[in-house]
>>> print(open('start-v3.txt').read())   # compact mmCIF, C-alpha atoms and all ligand atoms
# COMPACT_ATOMS: atom_id res chain seq x y z
CA MET A 1 53.30 89.28 130.03
CA PHE A 2 51.97 87.32 127.05
CA LEU A 3 52.34 84.07 129.02
CA LYS A 4 50.34 85.62 131.89
CA PHE A 5 47.64 86.64 129.42
CA ILE A 6 47.48 83.12 127.95
CA ARG A 7 47.35 81.60 131.44
CA THR A 8 44.51 83.99 132.45
CA CYS A 9 42.52 83.21 129.33
CA PHE A 10 42.95 79.48 129.85
CA ALA A 11 41.90 79.78 133.52
CA LEU A 12 38.83 81.80 132.53
CA PHE A 13 37.96 79.24 129.88
CA LEU A 14 38.28 76.39 132.37
CA PHE A 15 36.24 78.22 135.00
CA THR A 16 33.46 79.02 132.56
CA LEU A 17 33.49 75.45 131.31
CA CYS A 18 33.18 74.04 134.87
CA ALA A 19 30.47 76.47 135.91
CA ALA A 20 28.51 75.88 132.72
CA ALA A 21 28.94 72.13 133.13
CA ALA A 22 27.67 72.34 136.68
CA HIS A 23 24.66 74.32 135.59
CA ALA A 24 24.12 72.13 132.55
CA ALA A 25 24.22 69.12 134.85
CA GLY A 26 21.33 70.78 136.72
CA ARG A 27 23.25 70.98 140.00
CA LEU A 28 21.94 73.71 142.24
CA PRO A 29 24.64 76.33 142.79
CA ASN A 30 26.47 76.50 146.11
CA VAL A 31 26.01 79.96 147.63
CA VAL A 32 27.51 81.15 150.91
CA ILE A 33 25.68 83.86 152.87
CA LEU A 34 27.97 86.08 154.96
CA ALA A 35 25.85 87.95 157.51
CA THR A 36 27.02 91.27 158.94
CA GLY A 37 23.89 92.70 160.63
CA GLY A 38 21.67 95.61 159.62
CA THR A 39 17.92 96.02 159.34
CA ILE A 40 17.56 92.77 157.42
CA ALA A 41 18.51 91.22 160.76
CA GLY A 42 16.57 93.79 162.75
CA THR A 43 13.66 93.36 165.15
CA GLY A 44 10.96 95.80 166.23
CA ALA A 45 8.61 95.91 169.21
CA THR A 46 5.53 95.41 167.01
CA SER A 47 4.73 94.31 163.46
CA THR A 48 4.18 97.93 162.49
CA THR A 49 7.49 99.18 163.86
CA THR A 50 9.38 100.26 160.75
CA VAL A 51 11.44 102.98 162.42
CA GLY A 52 12.90 102.87 165.91
CA TYR A 53 13.62 99.09 165.70
CA THR A 54 16.93 97.44 166.63
CA ALA A 55 19.23 96.43 163.79
CA ALA A 56 21.60 93.45 163.88
CA LYS A 57 19.66 91.08 166.16
CA VAL A 58 18.75 88.02 164.01
CA GLY A 59 21.50 85.47 163.27
CA VAL A 60 22.32 84.11 159.83
CA ASP A 61 20.78 80.67 160.52
CA ASP A 62 17.45 82.29 161.39
CA LEU A 63 17.65 84.54 158.32
CA ILE A 64 18.03 81.41 156.18
CA LYS A 65 15.32 79.49 158.07
CA ALA A 66 12.89 82.38 157.43
CA VAL A 67 13.19 81.75 153.65
CA PRO A 68 12.74 77.99 153.04
CA GLU A 69 12.36 78.78 149.33
CA LEU A 70 16.13 79.35 149.19
CA LYS A 71 16.49 75.57 148.90
CA GLN A 72 14.74 75.72 145.53
CA VAL A 73 17.43 77.94 143.98
CA ALA A 74 20.70 77.07 145.74
CA HIS A 75 22.53 74.99 148.31
CA VAL A 76 22.97 77.70 150.95
CA THR A 77 25.33 77.82 153.91
CA GLY A 78 25.67 80.75 156.28
CA GLU A 79 28.43 82.43 158.28
CA GLN A 80 28.00 85.23 160.82
CA VAL A 81 31.02 87.39 160.01
CA PHE A 82 29.90 90.13 162.42
CA GLN A 83 26.60 91.53 163.75
CA ILE A 84 26.53 95.34 163.49
CA ALA A 85 24.39 98.23 162.34
CA SER A 86 26.23 99.32 159.23
CA GLU A 87 26.74 102.92 160.34
CA ASN A 88 29.44 101.29 162.47
CA MET A 89 31.21 99.60 159.55
CA SER A 90 34.98 100.13 159.71
CA ASN A 91 38.02 99.63 157.48
CA GLU A 92 38.91 96.61 159.63
CA HIS A 93 35.45 95.08 159.01
CA TRP A 94 35.96 95.61 155.27
CA LEU A 95 39.35 93.89 155.26
CA THR A 96 37.97 90.93 157.23
CA LEU A 97 35.00 90.62 154.89
CA ALA A 98 37.03 90.97 151.69
CA LYS A 99 39.55 88.32 152.76
CA ARG A 100 36.73 85.90 153.68
CA VAL A 101 34.99 86.49 150.33
CA ASN A 102 38.22 85.87 148.40
CA THR A 103 38.98 82.71 150.38
CA LEU A 104 35.48 81.34 149.72
CA LEU A 105 35.42 82.22 146.02
CA ALA A 106 38.80 80.54 145.50
CA ARG A 107 37.08 77.25 146.43
CA PRO A 108 35.84 75.38 143.34
CA ASP A 109 32.75 74.24 145.26
CA VAL A 110 31.55 77.82 145.93
CA ASP A 111 29.62 79.40 143.04
CA GLY A 112 28.73 82.74 144.60
CA VAL A 113 28.56 84.79 147.79
CA VAL A 114 25.74 86.89 149.29
CA ILE A 115 26.46 89.46 151.98
CA THR A 116 23.59 90.60 154.19
CA HIS A 117 24.32 94.14 155.34
CA GLY A 118 22.83 97.30 156.84
CA THR A 119 21.56 99.67 154.18
CA ASP A 120 23.28 102.77 155.55
CA THR A 121 26.68 101.82 154.11
CA ILE A 122 25.83 99.05 151.63
CA GLU A 123 26.99 101.27 148.74
CA GLU A 124 30.41 101.70 150.37
CA THR A 125 31.02 98.07 151.29
CA ALA A 126 29.82 96.97 147.86
CA TYR A 127 32.19 99.38 146.08
CA PHE A 128 35.13 98.42 148.31
CA LEU A 129 34.52 94.75 147.44
CA ASP A 130 34.06 95.66 143.76
CA LEU A 131 37.66 96.92 143.83
CA VAL A 132 39.28 94.09 145.83
CA VAL A 133 37.40 90.81 145.15
CA LYS A 134 39.64 88.62 142.98
CA SER A 135 37.06 86.43 141.28
CA ARG A 136 34.54 86.66 138.43
CA LYS A 137 32.04 84.67 140.50
CA PRO A 138 28.97 86.67 141.62
CA VAL A 139 29.10 88.68 144.84
CA VAL A 140 25.74 90.19 145.84
CA VAL A 141 25.23 92.61 148.73
CA VAL A 142 21.68 92.78 150.11
CA GLY A 143 19.79 94.55 152.88
CA ALA A 144 16.30 95.54 153.88
CA MET A 145 14.49 98.74 154.72
CA ARG A 146 12.03 97.07 157.11
CA PRO A 147 13.02 94.89 160.06
CA SER A 148 12.35 91.15 159.95
CA THR A 149 9.39 91.56 162.37
CA ALA A 150 7.49 94.09 160.23
CA ILE A 151 4.40 93.51 158.09
CA SER A 152 5.64 93.04 154.48
CA ALA A 153 9.25 92.95 155.57
CA ASP A 154 11.36 93.26 152.40
CA GLY A 155 14.28 91.22 153.78
CA PRO A 156 13.08 87.72 152.86
CA ILE A 157 12.32 88.49 149.20
CA ASN A 158 15.50 90.56 148.91
CA LEU A 159 17.53 87.65 150.32
CA TYR A 160 15.82 85.16 147.99
CA ASN A 161 16.54 87.36 144.96
CA ALA A 162 20.12 87.95 146.08
CA VAL A 163 20.81 84.21 146.38
CA LEU A 164 19.17 83.60 143.04
CA VAL A 165 21.42 86.19 141.36
CA ALA A 166 24.54 85.00 143.21
CA GLY A 167 23.97 81.48 141.90
CA SER A 168 23.27 82.55 138.33
CA GLN A 169 25.51 82.32 135.26
CA GLU A 170 24.22 85.71 134.12
CA ALA A 171 25.85 87.49 137.07
CA VAL A 172 29.32 86.02 136.41
CA GLY A 173 31.82 88.73 135.55
CA LYS A 174 29.42 91.61 136.29
CA GLY A 175 31.30 92.88 139.36
CA VAL A 176 29.85 93.26 142.84
CA LEU A 177 26.08 93.80 142.73
CA VAL A 178 23.45 95.29 145.06
CA VAL A 179 20.16 93.41 144.69
CA MET A 180 17.12 94.95 146.41
CA ASN A 181 13.55 95.82 145.49
CA ASP A 182 13.69 93.40 142.49
CA GLN A 183 16.44 95.53 140.94
CA ILE A 184 20.10 94.72 140.19
CA ASN A 185 22.54 97.61 140.56
CA ALA A 186 26.29 97.93 140.05
CA ALA A 187 28.29 98.58 143.22
CA ARG A 188 30.10 101.54 141.65
CA ASP A 189 27.01 103.58 140.75
CA VAL A 190 24.29 102.69 143.28
CA SER A 191 23.44 104.90 146.27
CA LYS A 192 20.87 104.98 149.04
CA THR A 193 18.54 107.77 147.84
CA ASN A 194 15.75 107.70 150.48
CA THR A 195 16.04 107.41 154.25
CA THR A 196 13.17 104.95 154.76
CA THR A 197 11.45 103.63 151.58
CA THR A 198 12.04 100.14 150.11
CA ASP A 199 12.93 101.53 146.65
CA THR A 200 15.81 103.55 148.08
CA PHE A 201 18.73 102.02 146.13
CA LYS A 202 19.15 103.69 142.75
CA ALA A 203 21.87 104.64 140.27
CA THR A 204 19.84 107.76 139.56
CA GLU A 205 21.37 108.75 136.21
CA LEU A 206 23.75 105.95 135.25
CA GLY A 207 20.95 103.43 135.74
CA LEU A 208 20.44 99.92 137.03
CA LEU A 209 21.89 96.80 135.35
CA GLY A 210 18.71 94.72 135.40
CA TYR A 211 15.86 93.15 137.32
CA VAL A 212 14.93 89.96 139.12
CA VAL A 213 11.57 88.91 137.69
CA GLY A 214 9.92 85.48 137.66
CA ASN A 215 12.76 83.87 139.60
CA GLN A 216 15.25 84.95 136.93
CA PRO A 217 17.88 87.69 136.76
CA HIS A 218 17.48 89.84 133.64
CA PHE A 219 20.53 91.94 132.73
CA TYR A 220 20.31 94.80 130.22
CA ARG A 221 23.60 96.60 130.89
CA ALA A 222 27.06 96.08 132.31
CA SER A 223 29.49 98.52 133.94
CA THR A 224 32.08 100.07 131.63
CA ARG A 225 34.53 100.52 134.53
CA LYS A 226 37.09 97.89 135.59
CA HIS A 227 36.32 95.84 138.70
CA THR A 228 37.20 92.65 140.66
CA VAL A 229 39.82 90.60 138.79
CA ASP A 230 40.69 93.57 136.54
CA THR A 231 41.77 95.96 139.30
CA GLU A 232 45.33 96.51 140.59
CA PHE A 233 44.29 96.39 144.25
CA ASP A 234 45.06 93.44 146.53
CA VAL A 235 44.15 93.47 150.22
CA SER A 236 45.38 89.94 151.05
CA ASN A 237 48.38 91.26 152.97
CA LEU A 238 46.82 94.44 154.35
CA THR A 239 45.84 94.81 158.02
CA SER A 240 44.86 98.48 157.76
CA LEU A 241 44.01 101.14 155.17
CA PRO A 242 45.41 104.70 154.86
CA GLN A 243 43.39 107.36 156.70
CA VAL A 244 41.22 109.25 154.18
CA ASP A 245 38.52 111.68 155.30
CA ILE A 246 35.81 113.84 153.72
CA ALA A 247 35.33 117.61 154.23
CA TYR A 248 31.78 118.68 153.40
CA THR A 249 31.16 122.09 151.80
CA TYR A 250 28.24 124.54 152.14
CA ALA A 251 27.64 128.29 152.02
CA ASN A 252 29.90 130.16 154.44
CA VAL A 253 32.17 127.17 155.08
CA GLY A 254 35.64 127.87 156.53
CA PRO A 255 38.88 125.85 156.71
CA THR A 256 38.22 124.35 160.16
CA ALA A 257 37.25 120.85 159.05
CA VAL A 258 40.06 120.58 156.49
CA ASN A 259 42.67 121.73 159.00
CA ALA A 260 41.36 119.45 161.74
CA LEU A 261 41.31 116.38 159.48
CA VAL A 262 44.85 117.04 158.28
CA ALA A 263 46.04 117.62 161.85
CA ALA A 264 44.44 114.30 162.82
CA GLY A 265 46.62 112.51 160.27
CA ALA A 266 44.57 112.23 157.07
CA LYS A 267 46.76 110.93 154.22
CA GLY A 268 44.05 111.83 151.73
CA LEU A 269 41.16 114.28 151.77
CA ILE A 270 37.97 114.19 149.71
CA HIS A 271 36.60 117.71 149.26
CA ALA A 272 32.81 117.29 148.91
CA GLY A 273 32.42 120.53 147.04
CA VAL A 274 29.30 122.39 145.94
CA GLY A 275 28.33 122.21 142.28
CA ASP A 276 31.07 120.90 140.00
CA GLY A 277 33.38 120.47 142.97
CA SER A 278 33.82 124.23 143.52
CA LEU A 279 36.43 125.38 146.08
CA PRO A 280 35.26 128.26 148.35
CA ILE A 281 37.95 130.95 148.75
CA LYS A 282 38.05 130.38 152.52
CA VAL A 283 38.88 126.67 152.04
CA ARG A 284 41.29 126.74 149.09
CA PRO A 285 44.38 127.86 151.09
CA ALA A 286 43.84 125.09 153.63
CA LEU A 287 43.62 122.49 150.84
CA SER A 288 46.77 123.84 149.18
CA ALA A 289 48.61 123.77 152.49
CA ALA A 290 47.48 120.18 153.01
CA ARG A 291 48.75 119.27 149.53
CA GLU A 292 52.11 120.84 150.34
CA LYS A 293 52.28 118.55 153.39
CA GLY A 294 51.82 115.57 151.05
CA VAL A 295 48.09 115.00 151.61
CA ILE A 296 46.35 113.87 148.39
CA ILE A 297 43.35 116.09 147.64
CA VAL A 298 40.42 114.82 145.56
CA ARG A 299 37.78 117.25 144.36
CA ALA A 300 34.36 115.55 144.54
CA SER A 301 30.87 117.00 144.72
CA ARG A 302 28.01 116.84 147.21
CA VAL A 303 25.57 117.02 144.26
CA GLY A 304 25.47 113.25 143.82
CA GLN A 305 25.32 112.94 140.01
CA GLY A 306 27.55 114.02 137.13
CA ILE A 307 31.25 114.39 136.37
CA VAL A 308 33.57 116.62 138.42
CA ALA A 309 35.61 117.94 135.49
CA ARG A 310 39.39 118.26 135.79
CA ASN A 311 40.60 121.89 135.58
CA GLY A 312 36.94 123.05 135.59
CA GLU A 313 36.16 124.86 138.84
CA ALA A 314 39.84 124.84 139.87
CA ASN A 315 43.22 124.53 138.16
CA ASP A 316 43.91 120.96 139.25
CA ASP A 317 47.10 120.80 137.18
CA GLN A 318 48.52 123.78 139.08
CA LEU A 319 47.15 122.70 142.50
CA ASP A 320 48.20 119.07 141.90
CA PHE A 321 44.71 117.89 142.87
CA VAL A 322 42.78 114.86 141.62
CA VAL A 323 39.11 114.91 140.50
CA ALA A 324 36.59 112.22 141.47
CA ASP A 325 34.94 111.84 138.02
CA THR A 326 31.40 110.57 138.86
CA LEU A 327 32.19 108.98 142.24
CA ASN A 328 30.28 110.50 145.16
CA PRO A 329 32.44 111.59 148.12
CA GLN A 330 32.00 108.39 150.14
CA LYS A 331 33.01 106.23 147.17
CA ALA A 332 35.84 108.55 146.16
CA ARG A 333 37.17 108.03 149.70
CA ILE A 334 37.25 104.25 149.16
CA LEU A 335 39.10 104.47 145.84
CA LEU A 336 41.60 106.97 147.28
CA MET A 337 42.28 104.70 150.30
CA LEU A 338 43.09 101.80 147.97
CA ALA A 339 45.05 104.05 145.58
CA LEU A 340 47.24 105.14 148.51
CA THR A 341 48.14 101.50 149.16
CA LYS A 342 49.81 101.59 145.72
CA THR A 343 51.12 105.13 145.10
CA ASN A 344 51.23 108.82 146.12
CA ASP A 345 51.65 109.94 142.52
CA THR A 346 48.70 112.19 141.64
CA LYS A 347 48.91 111.35 137.92
CA GLU A 348 48.66 107.65 138.73
CA ILE A 349 45.79 108.29 141.16
CA GLN A 350 43.94 110.38 138.57
CA ARG A 351 44.32 107.45 136.12
CA MET A 352 42.69 105.20 138.73
CA PHE A 353 39.73 107.56 139.09
CA TYR A 354 39.25 107.40 135.31
CA THR A 355 39.60 103.60 135.32
CA TYR A 356 37.47 102.31 138.20
N1 LIG B 1 21.13 101.25 160.82
C1 LIG B 1 20.87 100.73 159.51
C2 LIG B 1 22.06 99.93 159.05
O1 LIG B 1 22.46 98.98 159.74
C3 LIG B 1 19.71 99.83 159.42
C4 LIG B 1 19.56 99.35 158.02
O2 LIG B 1 18.94 100.07 157.27
O3 LIG B 1 20.07 98.28 157.66
O4 LIG B 1 22.56 100.26 157.98
>>> encode(input="start-v3.txt", output="structure tokens", more="lines below")
Ligand code: DAS
Amino acid sequence: MFLKFIRTCFALFLFTLCAAAAHAAGRLPNVVILATGGTIAGTGATSTTTVGYTAAKVGVDDLIKAVPELKQVAHVTGEQVFQIASENMSNEHWLTLAKRVNTLLARPDVDGVVITHGTDTIEETAYFLDLVVKSRKPVVVVGAMRPSTAISADGPINLYNAVLVAGSQEAVGKGVLVVMNDQINAARDVSKTNTTTTDTFKATELGLLGYVVGNQPHFYRASTRKHTVDTEFDVSNLTSLPQVDIAYTYANVGPTAVNALVAAGAKGLIHAGVGDGSLPIKVRPALSAAREKGVIIVRASRVGQGIVARNGEANDDQLDFVVADTLNPQKARILLMLALTKTNDTKEIQRMFYTY
């Protein structure tokens, strides 16, 4: 164990030395753009079409050509990993993307990676990568709220800022980042908060990490939760992820969704409860029955901010449930999927929700 620690420290020291030397030598960083689709690659019928356009039309080479200024901040190469609207993102897409990112970042000549992505599920892909990327090098996920054909499209400046951050020393070791609207957010805490506006990505209460201003990233905070090289998750040998679903709660809800998801083979279930993860009396028996069948139950909240407290609105110790801490339901689902690749022990899984 001590030897592993020494080896890790020495590797980190060497990496930092090489990266600093490269930057000190004034070499532009090498940044790879992995394109996946989305509005940033979208096209509309007219220059004022900002809704009702088609996402995932423009290829990575054209995205790069549209921002010649990229050459001033990095040596950029592009790969079209897939071309989809991100509401169609799947576990298989995530595994493909994560493996490609890890392969690229293991190369000494790659300093950082940018992923262009639809905004609908950026927060999920970014958090998945935050948990499985095995490098301290910057990984930046970026999208746009206006298609490339629109007046004042936000894609080009977002892409420029993302490449700038991905090639920066300041972003090393910060975990996976979402860079949009001149703001730098942590993958764990950022969410899409508005359906159409360009300022949509926010970590409403936990706050952003910094800004991109004057062609420079400015960091003011860092995440306190473990990520990337410090997580216990490794997807290199995975070809699928355990089925985990989300049951949404509202006034008058019954057990139908919970029962249907369990019958369809869910190995884990996120209960998107009201308030502090409250369990309606009509749903509780279905969740307990699911737990008895071996399904892992996580109490989350639809509220969007704040801690779901263990043994608060339900006796989690007695029910053998897990609580999501501050993760929203869609991010709790990602952590539970990865947790289930390691264990079914609810105490271990609860530790993971307090760690990542
Ligand atoms: N459909 C949306 C998506 O691909 C478009 C976007 O906002 O990027 O996420």
>>> closest_residue(input="start-v3.txt", among="A:Leu241, A:Ala85, A:Val141, A:Leu104", to="ligand LIG 1 (chain B)", atoms="only C-alpha atoms and all ligand atoms")
A:Ala85
>>> closest_atom_pairs(input="start-v3.txt", of="stretch 164-252 of chain A", to="stretch 321-335 of chain A", cutoff="9 Å", atoms="all atoms listed in the file", output="Markdown table")
| residue | atom | partner | partner_atom | distance |
| --- | --- | --- | --- | --- |
| A:Arg188 | CA | A:Leu327 | CA | 7.8 |
| A:Asp189 | CA | A:Leu327 | CA | 7.6 |
| A:Ser191 | CA | A:Asn328 | CA | 8.9 |
| A:Val244 | CA | A:Arg333 | CA | 6.2 |
| A:Asp245 | CA | A:Arg333 | CA | 6.8 |
| A:Ile246 | CA | A:Pro329 | CA | 6.9 |
| A:Tyr248 | CA | A:Pro329 | CA | 8.9 |
>>> closest_residue(input="start-v3.txt", among="A:Pro285, A:Pro280, A:Gly59, A:Gly37", to="ligand LIG 1 (chain B)", atoms="all atoms listed in the file")
A:Gly37
>>> atom_distance(input="start-v3.txt", atom1="atom C1 of ligand LIG 1 (chain B)", atom2="atom CA of A:Gly268")
26.9 Å
>>> closest_atom_pairs(input="start-v3.txt", of="chain A", to="ligand LIG 1 (chain B)", cutoff="8 Å", atoms="all atoms listed in the file", output="tab-separated table")
residue	atom	partner	partner_atom	distance
A:Gly37	CA	B:LIG1	O1	6.5
A:Gly38	CA	B:LIG1	O1	3.5
A:Thr39	CA	B:LIG1	O3	3.5
A:Ile40	CA	B:LIG1	O3	6.1
A:Ala41	CA	B:LIG1	O3	7.9
A:Gly42	CA	B:LIG1	C3	7.6
A:Ala55	CA	B:LIG1	C3	5.6
A:Ala56	CA	B:LIG1	O1	7.0
A:Ile84	CA	B:LIG1	O1	6.6
A:Ala85	CA	B:LIG1	O1	3.3
A:Ser86	CA	B:LIG1	O1	3.8
A:Glu87	CA	B:LIG1	O4	5.5
A:Asn88	CA	B:LIG1	O1	7.8
A:His117	CA	B:LIG1	O3	6.4
A:Gly118	CA	B:LIG1	O3	3.0
A:Thr119	CA	B:LIG1	O4	4.0
A:Asp120	CA	B:LIG1	O4	3.6
A:Thr121	CA	B:LIG1	O4	5.9
A:Ile122	CA	B:LIG1	O4	7.2
A:Gly143	CA	B:LIG1	O3	6.1
A:Ala144	CA	B:LIG1	O3	6.0
A:Met145	CA	B:LIG1	O2	5.3
A:Arg146	CA	B:LIG1	O2	7.5
A:Thr196	CA	B:LIG1	O2	8.0
>>> residues_around(input="start-v3.txt", residues="A:Gly175", least_positions_apart="5", cutoff="8 Å", atoms="all atoms listed in the file", output="ChimeraX atom specification")
/A:130,136,138-139,186-187,227-228
>>> write_last_selection(input="start-v3.txt", atoms="C-alpha atoms", output="short mmCIF file (atom, residue, chain, number, x, y, z; two decimals), in the frame of the given file")
data_model
loop_
_atom_site.label_atom_id
_atom_site.label_comp_id
_atom_site.auth_asym_id
_atom_site.auth_seq_id
_atom_site.Cartn_x
_atom_site.Cartn_y
_atom_site.Cartn_z
CA ASP A 130 34.06 95.66 143.76
CA ARG A 136 34.54 86.66 138.43
CA PRO A 138 28.97 86.67 141.62
CA VAL A 139 29.10 88.68 144.84
CA ALA A 186 26.29 97.93 140.05
CA ALA A 187 28.29 98.58 143.22
CA HIS A 227 36.32 95.84 138.70
CA THR A 228 37.20 92.65 140.66
#
>>> closest_residue(input="start-v3.txt", among="A:Gln216, A:Asn315, A:Asn161, A:Gln80", to="A:Asn181", atoms="all atoms listed in the file")
A:Asn161
>>> residues_around(input="start-v3.txt", residues="A:Thr249", least_positions_apart="3", cutoff="9 Å", atoms="only C-alpha atoms", output="PyMOL selection string")
chain A and resi 252-254+271-274+278-280+283+301-302
>>> atom_distance(input="start-v3.txt", atom1="atom CA of A:Val213", atom2="atom CA of A:Asp182")
6.9 Å
>>> closest_residue(input="start-v3.txt", among="A:Val298, A:Ala286, A:Leu3, A:Ala66", to="A:Ala153", atoms="only C-alpha atoms")
A:Ala66
>>> residues_near_point(input="start-v3.txt", point="(22.8, 100.1, 141.6)", cutoff="8 Å", atoms="all atoms listed in the file", output="PyMOL selection string")
chain A and resi 177-179+183-191+201-203+207-209
>>> write_last_selection(input="start-v3.txt", atoms="C-alpha atoms", output="tab-separated table (two decimals), in the frame of the given file")
chain	number	residue	atom	x	y	z
A	177	LEU	CA	26.08	93.80	142.73
A	178	VAL	CA	23.45	95.29	145.06
A	179	VAL	CA	20.16	93.41	144.69
A	183	GLN	CA	16.44	95.53	140.94
A	184	ILE	CA	20.10	94.72	140.19
A	185	ASN	CA	22.54	97.61	140.56
A	186	ALA	CA	26.29	97.93	140.05
A	187	ALA	CA	28.29	98.58	143.22
A	188	ARG	CA	30.10	101.54	141.65
A	189	ASP	CA	27.01	103.58	140.75
A	190	VAL	CA	24.29	102.69	143.28
A	191	SER	CA	23.44	104.90	146.27
A	201	PHE	CA	18.73	102.02	146.13
A	202	LYS	CA	19.15	103.69	142.75
A	203	ALA	CA	21.87	104.64	140.27
A	207	GLY	CA	20.95	103.43	135.74
A	208	LEU	CA	20.44	99.92	137.03
A	209	LEU	CA	21.89	96.80	135.35
>>> closest_residue(input="start-v3.txt", among="A:Ala339, A:Val212, A:Ile296, A:Ala222", to="A:Val235", atoms="all atoms listed in the file")
A:Ala339
>>> closest_residue(input="start-v3.txt", among="A:Val51, A:Ala150, A:Leu319, A:Leu129", to="A:Asn91", atoms="all atoms listed in the file")
A:Leu129
>>> atom_distance(input="start-v3.txt", atom1="atom CA of A:Thr198", atom2="atom CA of A:Gln169")
26.8 Å
>>> residues_around(input="start-v3.txt", residues="A:Leu70", least_positions_apart="6", cutoff="10 Å", atoms="all atoms listed in the file", output="PyMOL selection string")
chain A and resi 64+76+156-157+159-164
>>> build_atoms(input="start-v3.txt", residues="stretch 119-131 of chain A", atoms="N, CA, C and O atoms", output="compact mmCIF listing (two decimals), in the frame of the given file")
# COMPACT_ATOMS: atom_id res chain seq x y z
N THR A 119 21.69 98.88 155.42
CA THR A 119 21.56 99.67 154.18
C THR A 119 22.33 100.99 154.25
O THR A 119 22.63 101.58 153.22
N ASP A 120 22.65 101.45 155.44
CA ASP A 120 23.28 102.77 155.55
C ASP A 120 24.62 102.85 154.81
O ASP A 120 24.96 103.89 154.27
N THR A 121 25.38 101.77 154.80
CA THR A 121 26.68 101.82 154.11
C THR A 121 26.85 100.68 153.11
O THR A 121 27.98 100.36 152.70
N ILE A 122 25.73 100.11 152.67
CA ILE A 122 25.83 99.05 151.63
C ILE A 122 26.64 99.54 150.45
O ILE A 122 27.50 98.84 149.92
N GLU A 123 26.35 100.77 149.98
CA GLU A 123 26.99 101.27 148.74
C GLU A 123 28.51 101.35 148.90
O GLU A 123 29.25 101.18 147.94
N GLU A 124 28.96 101.59 150.14
CA GLU A 124 30.41 101.70 150.37
C GLU A 124 31.05 100.32 150.44
O GLU A 124 32.05 100.06 149.75
N THR A 125 30.47 99.44 151.21
CA THR A 125 31.02 98.07 151.29
C THR A 125 31.01 97.41 149.91
O THR A 125 31.99 96.78 149.50
N ALA A 126 29.92 97.59 149.19
CA ALA A 126 29.82 96.97 147.86
C ALA A 126 30.91 97.50 146.93
O ALA A 126 31.56 96.73 146.20
N TYR A 127 31.17 98.81 146.98
CA TYR A 127 32.19 99.38 146.08
C TYR A 127 33.59 98.94 146.51
O TYR A 127 34.44 98.63 145.67
N PHE A 128 33.82 98.89 147.82
CA PHE A 128 35.13 98.42 148.31
C PHE A 128 35.38 97.01 147.78
O PHE A 128 36.41 96.72 147.18
N LEU A 129 34.36 96.13 147.91
CA LEU A 129 34.52 94.75 147.44
C LEU A 129 34.67 94.72 145.92
O LEU A 129 35.42 93.91 145.38
N ASP A 130 33.99 95.60 145.24
CA ASP A 130 34.06 95.66 143.76
C ASP A 130 35.50 95.89 143.31
O ASP A 130 35.90 95.48 142.22
N LEU A 131 36.28 96.57 144.17
CA LEU A 131 37.66 96.92 143.83
C LEU A 131 38.67 95.87 144.30
O LEU A 131 39.80 95.85 143.82
